[in-house]
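These notes concern the structure reproduced below.
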Amino acid sequence: AAAPRSDLDGFYEMGRAAAFVRDGGFRKVALQFPDELLADAVEVAGRMEAATGAEMYVLGDTTYGSCCVDEVAAEHVGAEAVLHYGPACLSPCRKLPVLHIFGQQPLDVGRCTAAFRELYPEQQSCVVVLYDVVYAHAMGELEQQLCPEYPNIIFSRLVCGDAPGPAGPGEERKFGRQFSVEAAGGLQDCAMFYVGAEGLALTSFMLTWNCCPFSSFNPVTGCGRRETLNVNRALMRRLYLVERARDAGVVGILVGTLGVAGYLTVLQHLRELLCRAGKRSYTLAVGKPNPAKLANFLEVDVFVLVACAQNSLLDSSDFYRPVVTPYELELACNPAREWTGNYLTDFRDLLPGACAHVELPPAVPAAEAVPDVSLITGKMRATHLCGPLTSELPPSTTLACRDQTWALAEISPAASFLESRSWRGLEQQLGQTPVSKAVQGRRGIAIAYENEGCEQ
């Protein structure tokens with residue numbers, strides 16, 4: 001819900017935002033609001049201009065998810081910095097300095113504490129507290145209430161951008177959160193407690209840390225519960241999509257972000273991966289994907305969405321073709337990557353130098369490749385990788401003899417798909433229609449042909 005007009009200064013942290021603009025010496029600043037907060041945009045921009053003397057530009061619509069910083073729209077007006085309001089995925093940006101102002105949504109700390117005690121009656125429980133960013137302002141008070149009773153409780157911290165230095169032993173850095181686990185068994189011995197409503201953020205947490213039992217407290221309803229989402233069932237659905245990606249001959253790479261650092265690198269990584277796997281790829285920029293948009297590309301067998309960690313898990317049950325994540329495509333096309341039970345939603349973990357990067361194995365000759373059977377179609381498929389791309393182009397093999405007239409046809413998955421379509425229209429029936437002599441037709445104009453008077 002939109003903030004009350006009387007509390008704009010507190011809700012939008014005007015003082016902190018103005019200090020950020022003044023200290024940075026910015027003269028043009030872009031303000032990015034989600035749809036539910038746009039009603040306050042004009043007044044917030046006016047107050048910020050009066051407090052800082054800088055020009056404020058409101059970004060009316062975001063190209064992709066509103067949780068990501070829209071650096072492209074900000075650069076259209078020559079902005080030197082971005083003030084991002086509302087919920088955020090905290091993905092690191094590429095160019096512009098960003099200040100996140102989440103909006104201080106109310107949290108009943110007393111009810112949240114009571115719900116935590118009911119869910120975890122054992123005071124020696126090792127519990128990691130995660131939370132939606134809009135409740136970050138109340139975590140200090142909640143920590144004061146729970147830490148004296150629960151010595152093994154761990155509160156995560158928000159990290160905007162990349163944290164300096166490598167992660168230490170037992171330290172977790174994911175989704176803009178950072179926390180350290182000192183238990184002997186690591187996260188295996190910990191439970192997770194999430195403060196926030198059900199949504200994509202909680203789903204991503206549960207899939208990533210699927211070894212931990214989850215509970216949550218919804219500040220809107222004031223109720224705590226043990227999360228009953230069957231993670232194994234969700235993982236089975238995602239692994240089914242991996243099998244669909246293995247069967248695919250044509251893959252569409254959907255650009256779902258232009259602001260998250262490393263998105264160009266992962267696009268190139270996916271193109272090389274698909275080329276080595278013998279699959280044809282097309283890169284598509286369609287903004288926010290929906291079933292109607294993607295149904296225009298019928299020749300594509302499966303889509304892979306390159307987006308932030310929150311928006312990558314797109315429910316494609318209503319789509320004509322499935323939509324997978326970069327990690328799922330790697331599981332399908334990289335024989336060296338095996339399923340270990342750890343699910344990755346941040347595509348930056350797959351890049352060279354990252355913690356979960358797996359190099360492609362050497363190419364295997366087609367004669368030595370071990371055939372595989374599709375679990376969906378039951379057909380045989382090759383699993384070997386082609387050789388890497390070289391600067392010297394090999395002789396073209398995309399042209400082949402089509403029939404005995406020696407006509408040439410280009411072989412590609414898209415062309416094969418279009419060739420399989422059938423069309424019915426006017427039939428020529430060559431050689432079947434009897435030949436007749438030419439006769440003279442009507443002469444004149446349509447309003448009065450020459451022979452009309454004779455007929456009458």
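In the structure tokens, each chain is lettered A, B, ... as it comes, each chain's residues begin at 1, and ligands are numbered from 1 in order of appearance.
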Inset, instruction - Fewer than 2 positions away in the same chain doesn't count, so skip those; otherwise give me all residues within 9 Å of segment 317-323 of chain A, counting only C-alpha atoms, as a PyMOL selection string. - result: chain A and resi 241+244-245+290-292+294-295+298+300-305+313-315+325
With only C-alpha atoms as the counted atoms, please give the residues lying no more than 12 Å from Gly24 of chain A, apart from itself and same-chain residues fewer than 6 positions off, as an mmCIF file with N, CA and C atoms, in the first residue's frame.
```cif
data_model
loop_
_atom_site.group_PDB
_atom_site.id
_atom_site.type_symbol
_atom_site.label_atom_id
_atom_site.label_comp_id
_atom_site.auth_asym_id
_atom_site.auth_seq_id
_atom_site.Cartn_x
_atom_site.Cartn_y
_atom_site.Cartn_z
ATOM 1 N N ALA A 17 18.382 9.997 1.983
ATOM 2 C CA ALA A 17 18.454 10.136 0.527
ATOM 3 C C ALA A 17 19.078 11.467 0.133
ATOM 4 N N ALA A 18 18.696 12.550 0.818
ATOM 5 C CA ALA A 18 19.267 13.860 0.509
ATOM 6 C C ALA A 18 20.762 13.894 0.809
ATOM 7 N N THR A 52 17.992 19.226 -2.048
ATOM 8 C CA THR A 52 19.331 19.008 -2.606
ATOM 9 C C THR A 52 19.706 19.982 -3.710
ATOM 10 N N ALA A 54 19.266 19.375 -6.767
ATOM 11 C CA ALA A 54 19.537 18.561 -7.954
ATOM 12 C C ALA A 54 18.247 18.319 -8.734
ATOM 13 N N GLU A 80 23.081 10.660 -12.996
ATOM 14 C CA GLU A 80 24.375 10.313 -12.403
ATOM 15 C C GLU A 80 24.239 9.320 -11.264
ATOM 16 N N ALA A 81 23.016 9.102 -10.765
ATOM 17 C CA ALA A 81 22.770 8.163 -9.672
ATOM 18 C C ALA A 81 21.295 7.783 -9.703
ATOM 19 N N VAL A 82 20.971 6.715 -8.960
ATOM 20 C CA VAL A 82 19.595 6.214 -8.911
ATOM 21 C C VAL A 82 19.184 6.042 -7.455
ATOM 22 N N LEU A 96 25.967 2.798 -12.473
ATOM 23 C CA LEU A 96 25.579 3.955 -11.677
ATOM 24 C C LEU A 96 25.578 3.640 -10.186
ATOM 25 N N PRO A 97 25.936 4.616 -9.344
ATOM 26 C CA PRO A 97 25.762 4.432 -7.894
ATOM 27 C C PRO A 97 24.285 4.419 -7.535
ATOM 28 N N VAL A 98 23.914 3.547 -6.618
ATOM 29 C CA VAL A 98 22.511 3.323 -6.272
ATOM 30 C C VAL A 98 22.343 3.387 -4.762
ATOM 31 N N LEU A 99 21.257 4.013 -4.330
ATOM 32 C CA LEU A 99 20.844 3.979 -2.924
ATOM 33 C C LEU A 99 19.481 3.308 -2.861
#
```
Inset, instruction - Would you mind listing what lies within 9 Å of Leu254 of chain A as a PyMOL selection string, with only C-alpha atoms counted and same-chain residues fewer than 3 positions away left out? - result: chain A and resi 282-287+289+303-307
Inset, instruction - Select, from A:Leu430, A:Val159, A:Met192, A:Ala248, the residue with the minimum atom-to-atom distance to Glu227 of chain A, counting only C-alpha atoms. - result: A:Met192
Legend entry - Selected residue, from A:Leu264, A:Ile253, A:Leu146, A:Cys126, that lies nearest to Glu182 of chain A when counting only C-alpha atoms: A:Cys126
Inset, instruction - Report the residues of segment 246-382 of chain A whose backbone DSSP state falls under strand (DSSP E or B), written as a PyMOL selection string. - result: chain A and resi 250-255+260+280-284+302-306+323-324+372-373+380-381
Take the selection from the previous step and output its residues with C-alpha atoms, as a PDB file, in the first residue's frame.
```
ATOM      1  CA  VAL A 250      16.315 -24.610 -30.700  1.00  0.00           C
ATOM      2  CA  VAL A 251      16.743 -22.485 -27.554  1.00  0.00           C
ATOM      3  CA  GLY A 252      15.611 -18.889 -27.129  1.00  0.00           C
ATOM      4  CA  ILE A 253      17.758 -16.821 -24.736  1.00  0.00           C
ATOM      5  CA  LEU A 254      15.461 -14.259 -23.095  1.00  0.00           C
ATOM      6  CA  VAL A 255      17.163 -11.074 -21.891  1.00  0.00           C
ATOM      7  CA  VAL A 260      22.519  -6.747 -13.225  1.00  0.00           C
ATOM      8  CA  ARG A 280      20.688 -23.493 -32.269  1.00  0.00           C
ATOM      9  CA  SER A 281      20.173 -20.380 -30.129  1.00  0.00           C
ATOM     10  CA  TYR A 282      18.438 -17.046 -30.656  1.00  0.00           C
ATOM     11  CA  THR A 283      18.737 -14.068 -28.317  1.00  0.00           C
ATOM     12  CA  LEU A 284      15.409 -12.309 -27.693  1.00  0.00           C
ATOM     13  CA  VAL A 302      12.606 -24.052 -24.819  1.00  0.00           C
ATOM     14  CA  PHE A 303      13.472 -20.601 -23.467  1.00  0.00           C
ATOM     15  CA  VAL A 304      16.147 -19.692 -20.918  1.00  0.00           C
ATOM     16  CA  LEU A 305      15.556 -16.517 -18.896  1.00  0.00           C
ATOM     17  CA  VAL A 306      18.558 -14.392 -17.864  1.00  0.00           C
ATOM     18  CA  VAL A 323      11.109 -21.392 -19.532  1.00  0.00           C
ATOM     19  CA  VAL A 324      14.215 -22.564 -17.644  1.00  0.00           C
ATOM     20  CA  ASP A 372      21.198 -41.329 -24.282  1.00  0.00           C
ATOM     21  CA  VAL A 373      17.450 -41.961 -24.116  1.00  0.00           C
ATOM     22  CA  MET A 380      17.742 -41.658 -28.645  1.00  0.00           C
ATOM     23  CA  ARG A 381      19.785 -38.492 -28.429  1.00  0.00           C
TER      24      ARG A 381
END
```
Inset, instruction - Tell me which protein, DNA and RNA residues are within 12 Å of Val127 of chain A, counting only C-alpha atoms, leaving out same-chain ones fewer than 5 positions away, and put them as a VMD selection string. - result: chain A and resid 116 to 117 119 to 122 146 to 147 150 to 156 179 to 183 186 to 194 212 to 216
Legend entry - Pick from A:Thr62, A:Thr221, A:Thr228, A:Gln123, whichever lies nearest to Gly256 of chain A using only C-alpha atoms: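 Among A:Thr62, A:Thr221, A:Thr228, A:Gln123, it is A:Thr62 that comes nearest to Gly256 of chain A.
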Legend entry - Selected residue, from A:Val358, A:Asp108, A:Thr113, A:Glu172, that lies nearest to Glu149 of chain A when counting only C-alpha atoms: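 Distance minimum relative to Glu149 of chain A lands on A:Thr113.
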Legend entry - Pick from A:Phe347, A:Asn210, A:Arg246, A:Leu270, whichever lies nearest to Lys379 of chain A using only C-alpha atoms: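 Checking each candidate against Lys379 of chain A, we get A:Arg246 as the closest.
Using only C-alpha atoms, the shortest contact distance between Lys174 of chain A and any of A:Ser91, A:Asn218, A:Gln429, A:Thr203 is found at A:Ser91.
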Inset, instruction - Pick out the residues sitting within 12 Å of His137 of chain A, and hand them over as a list in words; count only C-alpha atoms, and ignore anything fewer than 6 positions along from it in its own chain. - result: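 Residues near the query, excluding close chain neighbours: Gly10, Phe11, Tyr12, Glu13, Ile101, Phe102, Gly103, Gln104, Gln105, Pro106, Leu107, Val109, Tyr131, Glu143, Arg157 and Leu158 of chain A.
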Legend entry - Ala332 of chain A surroundings by only C-alpha atoms, 10 Å radius, close-in-sequence under 4 positions cut, as a list in words: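 My list of contacting residues is Leu239, Leu241, Val242, Glu243, Arg244, Ala245, Arg246, Asp247, Ala248, Leu274, Ala277, Pro326, Tyr327, Glu328, Arg337, Glu338 and Thr383 of chain A.
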Legend entry - Filtered DSSP result for segment 76-300 of chain A, state alpha helix (DSSP H), as a count of residues only: 64
